[in-house]
Amino acid sequence: MKKIFLVFAVFMMQLGFSQKVTSLKVEKGDQKEKLIELSKNQISSYNTNFLKFLAALKTSDRKVSDELLSAKAKEIVTDKVYQKLSTDIHFNKTLEVFKSGYKPMIDGSSYPMIQYKYSDDKSAVPAELVTVVFEESGKILGVKPFKK
């Protein structure tokens, strides 16, 4: 009999400490972040730096390409990364700006970003993209070729 009272007491304590939610509002926010376009001056400035980087990558000029990279990127980039970029980017095709905006990072900061597509790809969503993230100073923070 004592065991029944003990179980009943534990059950009643749990029931007594439970809480009811009487009013709950779910607010729907805009889930998609708005892509803020970069200005024409910013795009042209960042584009010239990226084209210099591509030229240095094509000729395997490590000194020039290191000058165009940010300090954060220099710590990570190795010779293997340069070789991988050289094989993934088609130098015989011309790149044109597909999209521009700001890329949010894990730490909450946002950096300018330009997505390039190859000029011979006329589809609405290109099969191959090259995403380049810059610092505000124009230094390249990251380059990521993407294939569907």
# chains A, B, ... in the order shown; residues from 1 in each chain; ligands from 1
$ select_by_dssp --residues "chain A" --states "strand (DSSP E or B)" --output "JSON, numbers by chain"
{"A": [69, 95, 96, 97, 98, 99, 100, 101, 102, 103, 104, 110, 111, 112, 113, 114, 115, 116, 117, 118, 128, 129, 130, 131, 132, 133, 134, 140, 141, 142, 143, 144, 145, 146, 147]}
$ select_by_dssp --residues "range 16-115 of chain A" --states "helix (DSSP H, G or I)" --output "ChimeraX atom specification"
/A:16-17,40-58,62-68,71-76,79-88
$ closest_residue --among "A:Asp61, A:Ile4, A:Leu129, A:Lys99" --to "Leu38 in chain A" --atoms "only C-alpha atoms"
A:Lys99
$ closest_residue --among "A:Tyr116, A:Val125, A:Ser18, A:Leu141" --to "Glu75 in chain A" --atoms "only C-alpha atoms"
A:Leu141
$ closest_residue --among "A:Ser86, A:Ser39, A:Ser65, A:Thr78" --to "Pro112 in chain A" --atoms "only C-alpha atoms"
A:Ser39
$ closest_residue --among "A:Phe146, A:Phe134, A:Tyr118, A:Phe17" --to "Phe98 in chain A" --atoms "only C-alpha atoms"
A:Tyr118
$ closest_residue --among "A:Gly101, A:Gly16, A:Pro145, A:Gly108" --to "Lys40 in chain A" --atoms "only C-alpha atoms"
A:Gly101
$ closest_residue --among "A:Val64, A:Met113, A:Leu69, A:Leu6" --to "Val133 in chain A" --atoms "only C-alpha atoms"
A:Met113
$ atom_distance --atom1 "CA of Lys74 in chain A" --atom2 "CA of Ile106 in chain A"
19.4 Å
$ residues_around --residues "Ala71 in chain A" --least-positions-apart "3" --cutoff "12 Å" --atoms "only C-alpha atoms" --output "list in words"
Asp66, Glu67, Leu68, Lys74, Glu75, Ile76, Val77, Phe134, Glu135, Ser137, Lys139, Ile140, Leu141 and Gly142 of chain A
$ atom_distance --atom1 "CA of Ser100 in chain A" --atom2 "CA of Ala127 in chain A"
17.4 Å
$ decode --residues "range 7-137 of chain A" --atoms "C-alpha atoms" --output "mmCIF file, in the first residue's frame"
data_model
loop_
_atom_site.group_PDB
_atom_site.id
_atom_site.type_symbol
_atom_site.label_atom_id
_atom_site.label_comp_id
_atom_site.auth_asym_id
_atom_site.auth_seq_id
_atom_site.Cartn_x
_atom_site.Cartn_y
_atom_site.Cartn_z
ATOM 1 C CA VAL A 7 3.865 6.178 -6.959
ATOM 2 C CA PHE A 8 0.690 8.250 -6.704
ATOM 3 C CA ALA A 9 2.585 11.049 -4.875
ATOM 4 C CA VAL A 10 5.355 11.136 -7.497
ATOM 5 C CA PHE A 11 2.775 11.227 -10.288
ATOM 6 C CA MET A 12 0.824 14.045 -8.607
ATOM 7 C CA MET A 13 4.029 16.061 -8.050
ATOM 8 C CA GLN A 14 4.861 15.823 -11.715
ATOM 9 C CA LEU A 15 1.329 16.845 -12.629
ATOM 10 C CA GLY A 16 1.464 19.705 -10.136
ATOM 11 C CA PHE A 17 4.723 21.110 -11.508
ATOM 12 C CA SER A 18 3.686 20.893 -15.131
ATOM 13 C CA GLN A 19 2.746 24.120 -16.872
ATOM 14 C CA LYS A 20 0.096 24.920 -19.388
ATOM 15 C CA VAL A 21 0.746 27.291 -22.238
ATOM 16 C CA THR A 22 -2.360 29.421 -22.388
ATOM 17 C CA SER A 23 -1.444 31.721 -25.237
ATOM 18 C CA LEU A 24 1.199 31.164 -27.833
ATOM 19 C CA LYS A 25 1.790 33.345 -30.848
ATOM 20 C CA VAL A 26 3.878 32.194 -33.763
ATOM 21 C CA GLU A 27 5.274 35.113 -35.656
ATOM 22 C CA LYS A 28 6.316 34.486 -39.190
ATOM 23 C CA GLY A 29 9.284 36.506 -40.218
ATOM 24 C CA ASP A 30 10.740 36.845 -43.655
ATOM 25 C CA GLN A 31 12.781 33.640 -43.873
ATOM 26 C CA LYS A 32 14.820 34.690 -46.886
ATOM 27 C CA GLU A 33 17.422 37.346 -46.402
ATOM 28 C CA LYS A 34 17.251 40.034 -48.995
ATOM 29 C CA LEU A 35 20.201 39.997 -51.332
ATOM 30 C CA ILE A 36 21.506 43.541 -51.363
ATOM 31 C CA GLU A 37 23.134 44.271 -54.687
ATOM 32 C CA LEU A 38 26.595 45.761 -54.805
ATOM 33 C CA SER A 39 27.080 49.091 -56.539
ATOM 34 C CA LYS A 40 28.588 49.261 -60.026
ATOM 35 C CA ASN A 41 31.796 50.797 -58.623
ATOM 36 C CA GLN A 42 32.188 47.995 -56.087
ATOM 37 C CA ILE A 43 31.549 45.328 -58.715
ATOM 38 C CA SER A 44 34.097 46.817 -61.107
ATOM 39 C CA SER A 45 36.698 47.185 -58.344
ATOM 40 C CA TYR A 46 36.233 43.633 -57.072
ATOM 41 C CA ASN A 47 36.058 42.306 -60.633
ATOM 42 C CA THR A 48 39.443 43.798 -61.573
ATOM 43 C CA ASN A 49 41.031 42.207 -58.497
ATOM 44 C CA PHE A 50 39.511 38.844 -59.356
ATOM 45 C CA LEU A 51 40.659 39.057 -62.983
ATOM 46 C CA LYS A 52 44.200 39.830 -61.771
ATOM 47 C CA PHE A 53 43.943 36.817 -59.479
ATOM 48 C CA LEU A 54 42.805 34.612 -62.384
ATOM 49 C CA ALA A 55 45.690 35.806 -64.533
ATOM 50 C CA ALA A 56 48.148 35.041 -61.735
ATOM 51 C CA LEU A 57 46.520 31.643 -61.188
ATOM 52 C CA LYS A 58 46.735 30.851 -64.887
ATOM 53 C CA THR A 59 50.460 31.661 -65.030
ATOM 54 C CA SER A 60 51.088 30.027 -61.610
ATOM 55 C CA ASP A 61 52.445 33.286 -60.199
ATOM 56 C CA ARG A 62 52.126 32.624 -56.482
ATOM 57 C CA LYS A 63 53.577 35.983 -55.419
ATOM 58 C CA VAL A 64 50.970 38.069 -57.278
ATOM 59 C CA SER A 65 48.093 35.839 -56.232
ATOM 60 C CA ASP A 66 49.175 36.020 -52.576
ATOM 61 C CA GLU A 67 49.143 39.825 -52.760
ATOM 62 C CA LEU A 68 45.492 39.738 -53.846
ATOM 63 C CA LEU A 69 44.416 37.391 -51.029
ATOM 64 C CA SER A 70 43.368 38.570 -47.582
ATOM 65 C CA ALA A 71 45.413 37.691 -44.504
ATOM 66 C CA LYS A 72 42.819 35.109 -43.416
ATOM 67 C CA ALA A 73 42.941 33.378 -46.789
ATOM 68 C CA LYS A 74 46.756 33.337 -46.885
ATOM 69 C CA GLU A 75 46.798 31.238 -43.703
ATOM 70 C CA ILE A 76 44.618 28.540 -45.257
ATOM 71 C CA VAL A 77 45.656 28.455 -48.917
ATOM 72 C CA THR A 78 48.277 25.876 -49.880
ATOM 73 C CA ASP A 79 49.741 24.694 -53.161
ATOM 74 C CA LYS A 80 47.096 21.954 -53.332
ATOM 75 C CA VAL A 81 44.357 24.583 -53.152
ATOM 76 C CA TYR A 82 45.948 26.508 -56.036
ATOM 77 C CA GLN A 83 46.186 23.312 -58.097
ATOM 78 C CA LYS A 84 42.552 22.444 -57.369
ATOM 79 C CA LEU A 85 41.438 25.939 -58.383
ATOM 80 C CA SER A 86 43.493 25.721 -61.578
ATOM 81 C CA THR A 87 41.743 22.503 -62.579
ATOM 82 C CA ASP A 88 38.223 23.600 -61.581
ATOM 83 C CA ILE A 89 38.220 27.000 -63.320
ATOM 84 C CA HIS A 90 38.136 26.981 -67.123
ATOM 85 C CA PHE A 91 40.588 29.629 -68.294
ATOM 86 C CA ASN A 92 39.625 29.246 -71.945
ATOM 87 C CA LYS A 93 36.082 30.512 -71.212
ATOM 88 C CA THR A 94 35.200 34.052 -70.199
ATOM 89 C CA LEU A 95 33.474 34.751 -66.914
ATOM 90 C CA GLU A 96 30.702 37.298 -66.478
ATOM 91 C CA VAL A 97 28.917 38.551 -63.372
ATOM 92 C CA PHE A 98 25.811 36.504 -62.592
ATOM 93 C CA LYS A 99 24.847 37.828 -59.126
ATOM 94 C CA SER A 100 26.284 40.112 -56.519
ATOM 95 C CA GLY A 101 25.448 40.789 -52.914
ATOM 96 C CA TYR A 102 26.596 40.099 -49.395
ATOM 97 C CA LYS A 103 27.404 36.634 -48.070
ATOM 98 C CA PRO A 104 26.557 36.051 -44.393
ATOM 99 C CA MET A 105 29.164 34.115 -42.454
ATOM 100 C CA ILE A 106 28.873 31.842 -39.428
ATOM 101 C CA ASP A 107 30.105 34.546 -37.053
ATOM 102 C CA GLY A 108 27.308 36.916 -38.162
ATOM 103 C CA SER A 109 29.417 39.184 -40.342
ATOM 104 C CA SER A 110 28.695 39.750 -44.026
ATOM 105 C CA TYR A 111 31.184 40.137 -46.851
ATOM 106 C CA PRO A 112 30.729 41.305 -50.453
ATOM 107 C CA MET A 113 30.242 38.416 -52.868
ATOM 108 C CA ILE A 114 30.128 38.101 -56.644
ATOM 109 C CA GLN A 115 28.963 34.980 -58.458
ATOM 110 C CA TYR A 116 30.345 34.496 -61.942
ATOM 111 C CA LYS A 117 28.997 32.297 -64.700
ATOM 112 C CA TYR A 118 30.609 31.302 -67.957
ATOM 113 C CA SER A 119 29.425 33.500 -70.824
ATOM 114 C CA ASP A 120 28.561 30.544 -73.091
ATOM 115 C CA ASP A 121 26.022 29.210 -70.524
ATOM 116 C CA LYS A 122 22.677 30.762 -71.504
ATOM 117 C CA SER A 123 20.443 28.859 -69.053
ATOM 118 C CA ALA A 124 18.494 30.675 -66.329
ATOM 119 C CA VAL A 125 20.357 28.773 -63.605
ATOM 120 C CA PRO A 126 23.925 28.151 -64.758
ATOM 121 C CA ALA A 127 25.422 24.684 -64.482
ATOM 122 C CA GLU A 128 28.771 26.061 -63.303
ATOM 123 C CA LEU A 129 29.318 29.030 -61.021
ATOM 124 C CA VAL A 130 32.378 30.589 -59.452
ATOM 125 C CA THR A 131 31.602 32.343 -56.167
ATOM 126 C CA VAL A 132 34.140 34.876 -54.943
ATOM 127 C CA VAL A 133 33.937 36.473 -51.489
ATOM 128 C CA PHE A 134 35.850 39.709 -50.880
ATOM 129 C CA GLU A 135 36.787 41.851 -47.938
ATOM 130 C CA GLU A 136 35.630 45.472 -48.020
ATOM 131 C CA SER A 137 39.191 46.452 -48.933
#
